[in-house]
>>> print(open('upload_29.tsv').read())   # TSV, C-alpha atoms
chain	number	residue	atom	x	y	z
A	1	SER	CA	-26.66	-33.48	25.45
A	2	VAL	CA	-28.65	-36.71	25.56
A	3	LEU	CA	-30.52	-35.53	28.66
A	4	SER	CA	-31.26	-32.09	27.24
A	5	ARG	CA	-32.55	-33.67	24.05
A	6	TYR	CA	-35.36	-35.35	26.00
A	7	GLU	CA	-36.20	-32.47	28.35
A	8	ASN	CA	-39.73	-31.15	27.92
A	9	GLN	CA	-41.40	-28.18	29.46
A	10	ILE	CA	-44.32	-29.10	31.74
A	11	THR	CA	-47.35	-27.18	30.54
A	12	ILE	CA	-50.59	-26.55	32.37
A	13	LEU	CA	-53.48	-28.56	30.91
A	14	SER	CA	-55.86	-25.61	30.77
A	15	ASP	CA	-53.61	-23.84	28.26
A	16	TYR	CA	-54.23	-26.65	25.79
A	17	LEU	CA	-57.92	-27.39	26.18
A	18	GLU	CA	-58.61	-26.24	22.66
A	19	GLU	CA	-56.17	-28.78	21.19
A	20	PHE	CA	-59.08	-31.20	21.20
A	21	PRO	CA	-61.25	-30.56	18.14
A	22	GLU	CA	-64.87	-29.54	18.44
A	23	THR	CA	-66.62	-32.80	17.72
A	24	ASP	CA	-69.57	-34.90	18.79
A	25	GLU	CA	-67.46	-38.05	18.59
A	26	PRO	CA	-66.84	-39.68	21.98
A	27	VAL	CA	-63.39	-40.00	23.50
A	28	TRP	CA	-62.58	-43.42	24.97
A	29	ILE	CA	-60.07	-43.68	27.83
A	30	LEU	CA	-59.41	-47.16	29.25
A	31	GLY	CA	-62.99	-48.36	29.00
A	32	ARG	CA	-64.62	-45.03	29.89
A	33	GLN	CA	-66.50	-42.83	27.44
A	34	HIS	CA	-66.22	-39.03	27.55
A	35	HIS	CA	-67.90	-36.31	25.49
A	36	LEU	CA	-65.86	-33.22	24.70
A	37	ASN	CA	-68.86	-30.91	24.42
A	38	THR	CA	-70.23	-31.75	27.89
A	39	ASP	CA	-67.49	-33.11	30.18
A	40	LYS	CA	-64.09	-32.06	28.88
A	41	SER	CA	-62.89	-31.38	32.43
A	42	LYS	CA	-63.78	-34.95	33.49
A	43	LEU	CA	-61.82	-36.25	30.52
A	44	LEU	CA	-58.72	-34.28	31.51
A	45	LEU	CA	-59.04	-35.40	35.14
A	46	ASP	CA	-59.31	-39.00	33.98
A	47	ILE	CA	-56.12	-38.66	31.93
A	48	SER	CA	-54.13	-36.88	34.65
A	49	ALA	CA	-55.15	-39.55	37.20
A	50	ARG	CA	-53.14	-42.22	35.37
A	51	LEU	CA	-49.70	-42.82	36.86
A	52	TRP	CA	-47.12	-41.32	34.50
A	53	PHE	CA	-43.62	-42.76	34.48
A	54	THR	CA	-40.89	-40.96	32.57
A	55	TYR	CA	-37.16	-41.00	32.16
A	56	ARG	CA	-35.37	-40.24	35.43
A	57	ARG	CA	-31.82	-39.16	36.28
A	58	LYS	CA	-29.60	-39.28	39.36
A	59	PHE	CA	-30.84	-42.63	40.65
A	60	SER	CA	-28.36	-45.19	42.03
A	61	PRO	CA	-26.40	-46.85	39.18
A	62	ILE	CA	-28.10	-49.97	37.83
A	63	GLY	CA	-26.11	-53.02	38.89
A	64	GLY	CA	-23.79	-50.81	40.92
A	65	THR	CA	-21.74	-49.59	37.97
A	66	GLY	CA	-24.36	-49.15	35.24
A	67	PRO	CA	-26.30	-46.08	34.09
A	68	SER	CA	-27.84	-43.68	36.61
A	69	SER	CA	-30.37	-42.42	34.06
A	70	ASP	CA	-32.58	-44.21	31.54
A	71	ALA	CA	-32.90	-41.24	29.18
A	72	GLY	CA	-32.74	-42.39	25.57
A	73	TRP	CA	-33.29	-46.12	26.21
A	74	GLY	CA	-35.88	-46.75	28.94
A	75	CYS	CA	-39.07	-45.48	27.28
A	76	MET	CA	-40.65	-48.91	26.69
A	77	LEU	CA	-39.79	-49.99	30.24
A	78	ARG	CA	-41.55	-46.86	31.52
A	79	CYS	CA	-44.59	-47.66	29.36
A	80	GLY	CA	-44.65	-51.16	30.81
A	81	GLN	CA	-44.57	-49.63	34.28
A	82	MET	CA	-47.53	-47.41	33.38
A	83	MET	CA	-49.62	-50.32	32.14
A	84	LEU	CA	-48.85	-52.38	35.24
A	85	ALA	CA	-49.51	-49.40	37.53
A	86	GLN	CA	-52.94	-48.99	35.96
A	87	ALA	CA	-53.65	-52.65	36.75
A	88	LEU	CA	-52.61	-52.10	40.38
A	89	ILE	CA	-54.78	-48.99	40.64
A	90	CYS	CA	-57.76	-51.03	39.41
A	91	ARG	CA	-56.80	-53.83	41.78
A	92	HIS	CA	-56.67	-51.71	44.96
A	93	LEU	CA	-58.50	-48.43	44.27
A	94	GLY	CA	-60.84	-49.19	41.36
A	95	ARG	CA	-61.07	-47.80	37.83
A	96	ASP	CA	-63.12	-44.79	38.98
A	97	TRP	CA	-60.48	-43.58	41.45
A	98	GLN	CA	-59.38	-40.03	40.69
A	99	TRP	CA	-56.22	-38.14	41.62
A	100	GLU	CA	-56.32	-34.53	42.72
A	101	LYS	CA	-53.30	-32.34	43.26
A	102	HIS	CA	-52.34	-31.90	46.95
A	103	LYS	CA	-55.22	-34.13	48.06
A	104	LYS	CA	-54.36	-36.80	50.62
A	105	GLN	CA	-54.41	-40.24	49.04
A	106	PRO	CA	-54.96	-43.67	50.63
A	107	GLU	CA	-52.02	-45.77	51.82
A	108	GLU	CA	-52.57	-48.26	48.97
A	109	TYR	CA	-51.85	-45.48	46.47
A	110	HIS	CA	-48.47	-44.67	48.02
A	111	ARG	CA	-47.68	-48.36	48.32
A	112	ILE	CA	-48.36	-48.76	44.59
A	113	LEU	CA	-46.07	-45.83	43.83
A	114	ARG	CA	-43.31	-47.30	45.99
A	115	CYS	CA	-43.35	-50.43	43.80
A	116	PHE	CA	-42.02	-48.33	40.91
A	117	LEU	CA	-39.47	-46.02	42.53
A	118	ASP	CA	-36.02	-46.06	40.92
A	119	ARG	CA	-34.36	-48.21	43.57
A	120	LYS	CA	-33.01	-51.73	43.29
A	121	ASP	CA	-35.17	-52.89	46.23
A	122	CYS	CA	-38.49	-51.84	44.60
A	123	CYS	CA	-40.12	-54.75	42.81
A	124	TYR	CA	-40.92	-52.98	39.51
A	125	SER	CA	-38.13	-50.39	39.44
A	126	ILE	CA	-36.11	-49.54	36.36
A	127	HIS	CA	-33.27	-51.47	38.06
A	128	GLN	CA	-35.31	-54.65	38.37
A	129	MET	CA	-36.74	-54.42	34.86
A	130	ALA	CA	-33.40	-53.68	33.18
A	131	GLN	CA	-31.60	-56.50	35.01
A	132	MET	CA	-34.41	-58.99	34.49
A	133	GLY	CA	-34.25	-58.08	30.79
A	134	VAL	CA	-30.75	-59.55	30.64
A	135	GLY	CA	-32.38	-62.97	30.87
A	136	GLU	CA	-34.46	-62.01	27.82
A	137	GLY	CA	-31.33	-61.23	25.81
A	138	LYS	CA	-31.34	-57.46	26.40
A	139	SER	CA	-28.24	-55.69	27.70
A	140	ILE	CA	-28.71	-52.97	30.30
A	141	GLY	CA	-29.23	-49.75	28.38
A	142	GLU	CA	-30.63	-51.55	25.33
A	143	TRP	CA	-34.08	-50.65	23.98
A	144	PHE	CA	-36.88	-53.13	24.73
A	145	GLY	CA	-39.80	-54.13	22.52
A	146	PRO	CA	-43.38	-54.63	23.79
A	147	ASN	CA	-43.06	-58.41	24.08
A	148	THR	CA	-39.80	-58.23	26.04
A	149	VAL	CA	-41.34	-55.83	28.56
A	150	ALA	CA	-44.32	-58.17	28.93
A	151	GLN	CA	-42.01	-61.13	29.65
A	152	VAL	CA	-40.06	-59.10	32.22
A	153	LEU	CA	-43.24	-58.05	34.05
A	154	LYS	CA	-44.40	-61.67	34.05
A	155	LYS	CA	-41.17	-62.75	35.78
A	156	LEU	CA	-41.07	-59.90	38.31
A	157	ALA	CA	-44.70	-60.44	39.32
A	158	LEU	CA	-43.73	-63.83	40.75
A	159	PHE	CA	-41.87	-62.02	43.55
A	160	ASP	CA	-44.72	-59.58	44.28
A	161	GLU	CA	-46.73	-61.21	47.04
A	162	TRP	CA	-48.69	-58.07	47.99
A	163	ASN	CA	-50.41	-57.65	44.62
A	164	SER	CA	-50.49	-61.39	43.88
A	165	LEU	CA	-51.11	-60.98	40.15
A	166	ALA	CA	-51.37	-63.78	37.62
A	167	VAL	CA	-49.60	-62.42	34.52
A	168	TYR	CA	-50.45	-64.17	31.27
A	169	VAL	CA	-48.56	-63.23	28.10
A	170	SER	CA	-50.15	-64.77	25.01
A	171	MET	CA	-48.15	-66.79	22.48
A	172	ASP	CA	-48.59	-66.84	18.72
A	173	ASN	CA	-51.45	-64.30	18.82
A	174	THR	CA	-53.54	-66.84	20.77
A	175	VAL	CA	-55.24	-66.47	24.16
A	176	VAL	CA	-56.10	-69.83	25.75
A	177	ILE	CA	-59.02	-69.67	28.19
A	178	GLU	CA	-58.19	-73.04	29.78
A	179	ASP	CA	-54.62	-71.98	30.58
A	180	ILE	CA	-55.67	-68.65	32.08
A	181	LYS	CA	-58.23	-70.26	34.37
A	182	LYS	CA	-55.71	-72.89	35.40
A	183	MET	CA	-53.21	-70.16	36.28
A	184	CYS	CA	-55.63	-67.86	38.08
A	185	TRP	CA	-57.03	-70.68	40.21
A	186	SER	CA	-53.59	-72.10	40.92
A	187	PRO	CA	-52.98	-72.16	44.70
A	188	PRO	CA	-49.83	-70.77	46.36
A	189	GLN	CA	-48.68	-74.32	47.27
A	190	SER	CA	-46.36	-75.93	44.77
A	191	SER	CA	-47.51	-79.53	45.34
A	192	SER	CA	-49.37	-81.21	42.50
A	193	THR	CA	-51.95	-82.58	44.95
A	194	ALA	CA	-52.87	-79.11	46.17
A	195	HIS	CA	-53.03	-77.85	42.58
A	196	SER	CA	-55.39	-80.55	41.34
A	197	SER	CA	-57.58	-80.23	44.42
A	198	ALA	CA	-57.92	-76.47	44.06
A	199	HIS	CA	-58.64	-76.70	40.34
A	200	VAL	CA	-61.38	-79.29	40.79
A	201	HIS	CA	-63.05	-77.35	43.60
A	202	ARG	CA	-62.60	-73.87	42.15
A	203	GLY	CA	-66.36	-73.31	42.04
A	204	ALA	CA	-66.59	-73.83	45.77
A	205	LEU	CA	-63.59	-71.59	46.32
A	206	GLY	CA	-65.17	-68.87	44.26
A	207	ARG	CA	-68.21	-68.84	46.49
A	208	ASN	CA	-66.18	-68.49	49.68
A	209	LYS	CA	-65.83	-64.92	50.80
A	210	ASN	CA	-63.43	-63.38	53.25
A	211	ALA	CA	-64.27	-60.79	55.91
A	212	ALA	CA	-64.09	-57.98	53.38
A	213	GLY	CA	-66.69	-59.69	51.20
A	214	PHE	CA	-64.38	-60.48	48.28
A	215	CYS	CA	-64.32	-63.89	46.65
A	216	THR	CA	-61.19	-65.87	47.45
A	217	GLY	CA	-59.29	-68.19	45.17
A	218	TRP	CA	-59.05	-66.26	41.88
A	219	LYS	CA	-55.78	-64.40	41.41
A	220	PRO	CA	-56.33	-61.04	39.66
A	221	LEU	CA	-55.31	-61.36	36.03
A	222	LEU	CA	-52.99	-59.11	34.05
A	223	LEU	CA	-53.43	-60.23	30.45
A	224	ILE	CA	-50.91	-58.97	27.88
A	225	ILE	CA	-51.29	-59.78	24.18
A	226	PRO	CA	-48.22	-58.95	22.05
A	227	LEU	CA	-49.22	-58.50	18.41
A	228	ARG	CA	-47.81	-57.71	15.01
A	229	LEU	CA	-50.50	-55.80	13.11
A	230	GLY	CA	-48.71	-55.55	9.79
A	231	ILE	CA	-45.24	-55.74	8.24
A	232	ASN	CA	-43.82	-52.23	8.00
A	233	HIS	CA	-47.05	-50.36	8.72
A	234	ILE	CA	-50.25	-51.20	10.56
A	235	ASN	CA	-52.74	-53.00	8.32
A	236	PRO	CA	-55.94	-50.87	8.12
A	237	VAL	CA	-58.06	-54.01	8.51
A	238	TYR	CA	-57.08	-54.14	12.20
A	239	ILE	CA	-57.94	-50.55	13.11
A	240	ASP	CA	-61.57	-51.04	14.18
A	241	ALA	CA	-60.72	-54.07	16.32
A	242	PHE	CA	-57.78	-52.23	17.87
A	243	LYS	CA	-60.04	-49.32	18.84
A	244	GLU	CA	-62.65	-51.69	20.29
A	245	CYS	CA	-60.10	-52.87	22.84
A	246	PHE	CA	-59.99	-49.39	24.41
A	247	LYS	CA	-63.76	-49.53	24.92
A	248	MET	CA	-63.66	-52.67	27.06
A	249	PRO	CA	-64.02	-52.06	30.82
A	250	GLN	CA	-61.02	-54.37	31.35
A	251	SER	CA	-58.77	-52.22	29.13
A	252	LEU	CA	-55.26	-51.29	30.26
A	253	GLY	CA	-54.47	-49.67	26.92
A	254	ALA	CA	-51.55	-50.65	24.71
A	255	LEU	CA	-47.77	-50.49	24.53
A	256	GLY	CA	-46.32	-49.36	21.23
A	257	GLY	CA	-45.26	-46.29	19.33
A	258	LYS	CA	-42.70	-45.80	16.61
A	259	PRO	CA	-39.33	-47.55	16.11
A	260	ASN	CA	-37.22	-46.95	19.26
A	261	ASN	CA	-39.83	-44.47	20.50
A	262	ALA	CA	-42.37	-46.00	22.89
A	263	TYR	CA	-45.69	-44.59	24.13
A	264	TYR	CA	-48.41	-45.80	26.47
A	265	PHE	CA	-51.70	-45.60	24.57
A	266	ILE	CA	-54.72	-45.07	26.81
A	267	GLY	CA	-57.54	-44.25	24.39
A	268	PHE	CA	-58.66	-42.74	21.13
A	269	LEU	CA	-60.71	-40.02	19.47
A	270	GLY	CA	-61.81	-40.82	15.92
A	271	ASN	CA	-58.73	-42.15	14.13
A	272	GLU	CA	-56.28	-40.63	16.58
A	273	LEU	CA	-54.76	-42.43	19.56
A	274	ILE	CA	-54.30	-40.67	22.91
A	275	TYR	CA	-51.13	-41.53	24.77
A	276	LEU	CA	-48.86	-40.75	27.70
A	277	ASP	CA	-45.32	-39.91	26.64
A	278	PRO	CA	-42.39	-41.04	28.80
A	279	HIS	CA	-39.87	-38.85	26.97
A	280	THR	CA	-39.44	-36.26	29.70
A	281	THR	CA	-36.40	-36.52	31.96
A	282	GLN	CA	-37.09	-35.78	35.62
A	283	SER	CA	-34.97	-36.15	38.75
A	284	PHE	CA	-35.13	-39.25	40.93
A	285	VAL	CA	-37.81	-39.15	43.64
A	286	ASP	CA	-37.60	-41.28	46.78
A	287	SER	CA	-40.23	-41.99	49.42
A	288	GLU	CA	-40.50	-39.88	52.57
A	289	GLU	CA	-39.73	-41.22	56.05
A	290	ASN	CA	-43.45	-41.84	56.64
A	291	GLY	CA	-43.71	-43.91	53.45
A	292	THR	CA	-45.54	-41.33	51.34
A	293	VAL	CA	-44.22	-40.22	47.96
A	294	ASP	CA	-44.15	-36.69	46.56
A	295	ASP	CA	-46.33	-37.58	43.60
A	296	GLN	CA	-46.51	-34.33	41.62
A	297	SER	CA	-44.09	-35.60	38.96
A	298	PHE	CA	-45.95	-38.93	38.60
A	299	HIS	CA	-49.06	-37.41	37.01
A	300	CYS	CA	-49.04	-35.84	33.57
A	301	GLN	CA	-50.39	-32.32	33.92
A	302	GLN	CA	-49.64	-31.28	30.36
A	303	ALA	CA	-51.71	-31.62	27.23
A	304	PRO	CA	-52.48	-35.23	26.31
A	305	HIS	CA	-50.66	-36.28	23.17
A	306	ARG	CA	-52.37	-37.66	20.08
A	307	MET	CA	-51.17	-39.44	16.95
A	308	LYS	CA	-52.87	-40.90	13.90
A	309	ILE	CA	-53.44	-44.64	14.20
A	310	MET	CA	-51.91	-45.23	10.76
A	311	ASN	CA	-48.59	-43.82	12.08
A	312	LEU	CA	-48.43	-46.56	14.73
A	313	ASP	CA	-45.65	-49.13	14.47
A	314	PRO	CA	-47.29	-52.54	13.86
A	315	SER	CA	-45.54	-54.10	16.91
A	316	VAL	CA	-47.84	-53.52	19.92
A	317	ALA	CA	-49.00	-55.19	23.12
A	318	LEU	CA	-52.57	-54.94	24.39
A	319	GLY	CA	-53.24	-55.03	28.13
A	320	PHE	CA	-56.32	-56.07	30.13
A	321	PHE	CA	-57.06	-56.50	33.84
A	322	CYS	CA	-59.61	-58.92	35.27
A	323	LYS	CA	-59.97	-58.67	39.04
A	324	GLU	CA	-62.51	-61.50	39.29
A	325	GLU	CA	-63.33	-64.51	37.13
A	326	CYS	CA	-66.56	-62.86	36.02
A	327	ASP	CA	-64.49	-59.95	34.60
A	328	PHE	CA	-62.52	-62.42	32.49
A	329	ASP	CA	-65.67	-64.23	31.34
A	330	ASN	CA	-67.13	-60.86	30.35
A	331	TRP	CA	-63.94	-60.00	28.46
A	332	CYS	CA	-64.15	-63.29	26.54
A	333	SER	CA	-67.73	-62.49	25.54
A	334	LEU	CA	-66.78	-59.00	24.36
A	335	VAL	CA	-63.89	-60.38	22.30
A	336	GLN	CA	-66.19	-62.90	20.62
A	337	LYS	CA	-68.81	-60.27	19.90
A	338	GLU	CA	-66.78	-57.18	19.02
A	339	ILE	CA	-63.48	-58.49	17.63
A	340	LEU	CA	-63.60	-62.07	16.38
A	341	LYS	CA	-67.02	-62.34	14.73
A	342	GLN	CA	-66.68	-59.14	12.74
A	343	GLN	CA	-63.16	-59.60	11.44
A	344	SER	CA	-62.16	-61.46	8.29
A	345	LEU	CA	-58.50	-61.12	9.32
A	346	ARG	CA	-58.44	-61.58	13.10
A	347	MET	CA	-56.20	-59.47	15.29
A	348	PHE	CA	-55.75	-62.42	17.68
A	349	GLU	CA	-57.39	-65.76	18.46
A	350	LEU	CA	-59.35	-66.75	21.58
A	351	VAL	CA	-59.58	-70.52	22.08
A	352	GLN	CA	-61.14	-72.63	24.82
A	353	LYS	CA	-58.63	-75.49	24.99
A	354	HIS	CA	-54.85	-75.63	25.08
A	355	PRO	CA	-53.64	-76.44	21.53
A	356	PRO	CA	-52.50	-80.11	21.47
A	357	HIS	CA	-49.36	-79.33	19.43
A	358	TRP	CA	-48.13	-76.80	22.03
A	359	PRO	CA	-45.93	-77.81	24.98
A	360	PRO	CA	-47.97	-78.48	28.16
A	361	PHE	CA	-48.98	-75.33	30.03
A	362	ILE	CA	-47.40	-75.04	33.47
A	363	PRO	CA	-48.43	-71.99	35.54
A	364	PRO	CA	-45.31	-69.93	36.34
A	365	ALA	CA	-44.14	-70.30	39.92
A	366	LYS	CA	-41.80	-68.29	42.10
A	367	PRO	CA	-38.30	-69.83	42.10
A	368	GLU	CA	-37.49	-71.87	45.20
A	369	VAL	CA	-35.56	-69.12	47.00
A	370	THR	CA	-36.23	-67.31	50.25
A	371	THR	CA	-35.36	-63.89	48.86
A	372	THR	CA	-37.35	-61.21	47.05
A	373	GLY	CA	-36.62	-60.43	43.44
A	374	ALA	CA	-34.50	-57.45	44.50
A	375	GLU	CA	-32.47	-59.55	46.95
A	376	LEU	CA	-32.07	-62.24	44.28
A	377	ILE	CA	-30.53	-59.72	41.90
A	378	GLU	CA	-28.33	-58.34	44.68
A	379	SER	CA	-27.14	-61.82	45.66
A	380	THR	CA	-26.43	-62.57	41.99
A	381	ASP	CA	-24.29	-59.42	41.80
A	382	LYS	CA	-22.33	-60.62	44.83
A	383	LEU	CA	-21.92	-64.04	43.22
A	384	PHE	CA	-20.42	-62.43	40.14
A	385	GLU	CA	-18.06	-60.40	42.35
A	386	LEU	CA	-16.91	-63.57	44.12
A	387	GLU	CA	-16.35	-65.29	40.78
A	388	GLU	CA	-14.24	-62.35	39.57
A	389	GLU	CA	-12.17	-62.42	42.78
A	390	PHE	CA	-11.65	-66.16	42.38
A	391	GLU	CA	-10.48	-65.70	38.80
A	392	ILE	CA	-7.98	-63.03	39.91
A	393	LEU	CA	-6.68	-65.28	42.70
A	394	SER	CA	-6.38	-68.18	40.25
A	395	VAL	CA	-4.25	-66.06	37.94
>>> encode(input="upload_29.tsv", output="structure tokens")
Amino acid sequence: SVLSRYENQITILSDYLEEFPETDEPVWILGRQHHLNTDKSKLLLDISARLWFTYRRKFSPIGGTGPSSDAGWGCMLRCGQMMLAQALICRHLGRDWQWEKHKKQPEEYHRILRCFLDRKDCCYSIHQMAQMGVGEGKSIGEWFGPNTVAQVLKKLALFDEWNSLAVYVSMDNTVVIEDIKKMCWSPPQSSSTAHSSAHVHRGALGRNKNAAGFCTGWKPLLLIIPLRLGINHINPVYIDAFKECFKMPQSLGALGGKPNNAYYFIGFLGNELIYLDPHTTQSFVDSEENGTVDDQSFHCQQAPHRMKIMNLDPSVALGFFCKEECDFDNWCSLVQKEILKQQSLRMFELVQKHPPHWPPFIPPAKPEVTTTGAELIESTDKLFELEEEFEILSV
């Protein structure tokens, strides 16, 4: 009954074209502007190109004996996956990459998809996120909030050497420029000597280019800003600033929704937010023998959903991606110009230096183990099994 409650019928987009009102107002989707009266088809293609993660069923039980479906509890985890997937698309394929049904896609695209398959050995699977959430005080099968998902992604990214993301989750509504630059220029070595050397010479590193022509040294940044934009309802004073975030070229949208009902917000039209809805239960999909993934169910080909901004729960998390340092510098300038200088009540703060009353900032580092995150969880499971056997023998 729980599964059937969340089943939705997949509907062809073209049947719902007229759901968008006739208006001259632009539609903003993750930093891109669209006009309904001239390029509605481009808008719909842009929306359907985003990776869409929903509830799934019939995957291997989480932790070996846990749930084999996340229907009813995993919606915020799926939204976190969507935000991260958008960052990886920008990282490897670019923001202007488009998905077309049945069209052959590059290997990087399938590799990104494989990161999110519902298997315990995939670095951002529902298994990994749910079990990593235990360390954040969330039982498997318990609903996550935006901040908890952000913290889980931050931890899992440490095991993801292919994407090599620096994940920064802001504290106390404050983004610290100094800390972000320290983290993104932090070298893979753990020694303090290597760290100080790389930080001092980061300008030289930034000018070095590899064979592909990309600057080396800067780790691509996934910036997540958890916010509380009111008490029980969103404070109207924040609405304009919130909408401005979707206009920024670095935008990854926002995590949020209603109590216990999460959505991935990707844009807006007027005072309505446009979002991808994870509340559809689909069957588990695995990769093929050649490494490709049947991706039809990972792209939303139904009408994009909309909701009034004032109906948004005040607990949200904004996401931004900065592939190079210049992208981050540009983001800082946009925040100063469009959000901070025009707001009497600021949505968040952007400061240059680490606040002196805060604990020292130490860039997160991968734990000193020789396993991947998936193997770490698996070895932990085995450790628990051994402990249980020992207790039985002791009795």
>>> closest_residue(input="upload_29.tsv", among="A:Gly31, A:Pro61, A:Pro249, A:Pro67", to="Asp327 in chain A", atoms="only C-alpha atoms")
A:Pro249
>>> closest_residue(input="upload_29.tsv", among="A:Pro359, A:Pro314, A:Pro278, A:Gly257", to="Asn232 in chain A", atoms="all atoms listed in the file")
A:Pro314
>>> closest_residue(input="upload_29.tsv", among="A:Leu165, A:Cys300, A:Leu223, A:Ile126", to="Trp99 in chain A", atoms="only C-alpha atoms")
A:Cys300
>>> residues_around(input="upload_29.tsv", residues="Lys219 in chain A", least_positions_apart="3", cutoff="8 Å", atoms="all atoms listed in the file", output="list in words")
Ser164, Leu165, Ala166, Cys184, Trp185, Lys323 and Glu324 of chain A
>>> residues_around(input="upload_29.tsv", residues="Met310 in chain A", least_positions_apart="5", cutoff="10 Å", atoms="all atoms listed in the file", output="ChimeraX atom specification")
/A:233-236,239,271-273
>>> write_last_selection(input="upload_29.tsv", atoms="C-alpha atoms", output="short mmCIF file (atom, residue, chain, number, x, y, z; two decimals), keeping the file's coordinate frame")
data_model
loop_
_atom_site.label_atom_id
_atom_site.label_comp_id
_atom_site.auth_asym_id
_atom_site.auth_seq_id
_atom_site.Cartn_x
_atom_site.Cartn_y
_atom_site.Cartn_z
CA HIS A 233 -47.05 -50.36 8.72
CA ILE A 234 -50.25 -51.20 10.56
CA ASN A 235 -52.74 -53.00 8.32
CA PRO A 236 -55.94 -50.87 8.12
CA ILE A 239 -57.94 -50.55 13.11
CA ASN A 271 -58.73 -42.15 14.13
CA GLU A 272 -56.28 -40.63 16.58
CA LEU A 273 -54.76 -42.43 19.56
#
>>> closest_residue(input="upload_29.tsv", among="A:Val316, A:Cys326, A:Leu113, A:Ile140", to="Leu88 in chain A", atoms="all atoms listed in the file")
A:Leu113
>>> atom_distance(input="upload_29.tsv", atom1="CA of Lys154 in chain A", atom2="CA of Ser139 in chain A")
18.4 Å
>>> atom_distance(input="upload_29.tsv", atom1="CA of Asp118 in chain A", atom2="CA of Phe144 in chain A")
17.7 Å
>>> closest_residue(input="upload_29.tsv", among="A:Asp240, A:Asp160, A:Glu288, A:Asp295", to="Cys122 in chain A", atoms="only C-alpha atoms")
A:Asp160
>>> residues_around(input="upload_29.tsv", residues="Arg111 in chain A", least_positions_apart="5", cutoff="12 Å", atoms="only C-alpha atoms", output="list in words")
Ala85, Leu88, Ile89, His92, Leu93, Gln105, Pro106, Phe116, Leu117, Cys122, Cys123, Trp162, Asn163, Ser287, Glu288, Asn290, Gly291, Thr292, Val293 and Asp295 of chain A
>>> atom_distance(input="upload_29.tsv", atom1="CA of Val169 in chain A", atom2="CA of Gln86 in chain A")
16.8 Å
>>> residues_around(input="upload_29.tsv", residues="Asn173 in chain A", least_positions_apart="5", cutoff="10 Å", atoms="only C-alpha atoms", output="list in words")
Ile225, Pro226, Leu227, Arg228, Arg346, Met347, Phe348, Glu349 and Leu350 of chain A
>>> closest_residue(input="upload_29.tsv", among="A:Met248, A:Lys182, A:Leu312, A:Ala157", to="Ser333 in chain A", atoms="only C-alpha atoms")
A:Met248
>>> residues_around(input="upload_29.tsv", residues="Leu36 in chain A", least_positions_apart="3", cutoff="8 Å", atoms="all atoms listed in the file", output="PyMOL selection string")
chain A and resi 20+22-27+39-40+43
>>> residues_near_point(input="upload_29.tsv", point="(-50.6, -35.9, 36.8)", cutoff="9 Å", atoms="only C-alpha atoms", output="JSON, numbers by chain")
{"A": [45, 47, 48, 49, 50, 51, 52, 99, 100, 101, 295, 296, 297, 298, 299, 300, 301, 302]}
>>> write_last_selection(input="upload_29.tsv", atoms="C-alpha atoms", output="PDB file, in the frame of the given file")
ATOM      1  CA  LEU A  45     -59.040 -35.400  35.140  1.00  0.00           C
ATOM      2  CA  ILE A  47     -56.120 -38.660  31.930  1.00  0.00           C
ATOM      3  CA  SER A  48     -54.130 -36.880  34.650  1.00  0.00           C
ATOM      4  CA  ALA A  49     -55.150 -39.550  37.200  1.00  0.00           C
ATOM      5  CA  ARG A  50     -53.140 -42.220  35.370  1.00  0.00           C
ATOM      6  CA  LEU A  51     -49.700 -42.820  36.860  1.00  0.00           C
ATOM      7  CA  TRP A  52     -47.120 -41.320  34.500  1.00  0.00           C
ATOM      8  CA  TRP A  99     -56.220 -38.140  41.620  1.00  0.00           C
ATOM      9  CA  GLU A 100     -56.320 -34.530  42.720  1.00  0.00           C
ATOM     10  CA  LYS A 101     -53.300 -32.340  43.260  1.00  0.00           C
ATOM     11  CA  ASP A 295     -46.330 -37.580  43.600  1.00  0.00           C
ATOM     12  CA  GLN A 296     -46.510 -34.330  41.620  1.00  0.00           C
ATOM     13  CA  SER A 297     -44.090 -35.600  38.960  1.00  0.00           C
ATOM     14  CA  PHE A 298     -45.950 -38.930  38.600  1.00  0.00           C
ATOM     15  CA  HIS A 299     -49.060 -37.410  37.010  1.00  0.00           C
ATOM     16  CA  CYS A 300     -49.040 -35.840  33.570  1.00  0.00           C
ATOM     17  CA  GLN A 301     -50.390 -32.320  33.920  1.00  0.00           C
ATOM     18  CA  GLN A 302     -49.640 -31.280  30.360  1.00  0.00           C
TER      19      GLN A 302
END
>>> axis_aligned_box(input="upload_29.tsv", around="range 118-135 of chain A", padding_each_side="6 Å", output="lines of an AutoDock Vina configuration file")
center_x = -35.8
center_y = -54.5
center_z = 38.4
size_x = 22.2
size_y = 28.9
size_z = 27.6
>>> decode(input="upload_29.tsv", residues="range 326-340 of chain A", atoms="C-alpha atoms", output="CSV table (one decimal), in the first residue's frame")
chain,number,residue,atom,x,y,z
A,326,CYS,CA,37.4,32.2,-11.4
A,327,ASP,CA,33.9,30.7,-11.2
A,328,PHE,CA,34.0,31.0,-7.4
A,329,ASP,CA,35.3,34.6,-7.6
A,330,ASN,CA,32.5,35.4,-10.0
A,331,TRP,CA,30.0,33.9,-7.6
A,332,CYS,CA,31.3,36.0,-4.8
A,333,SER,CA,30.8,39.1,-6.9
A,334,LEU,CA,27.3,38.2,-7.8
A,335,VAL,CA,26.4,37.5,-4.2
A,336,GLN,CA,27.7,40.9,-3.1
A,337,LYS,CA,25.9,42.7,-5.9
A,338,GLU,CA,22.6,40.8,-6.1
A,339,ILE,CA,22.0,39.4,-2.7
A,340,LEU,CA,23.9,41.2,0.1
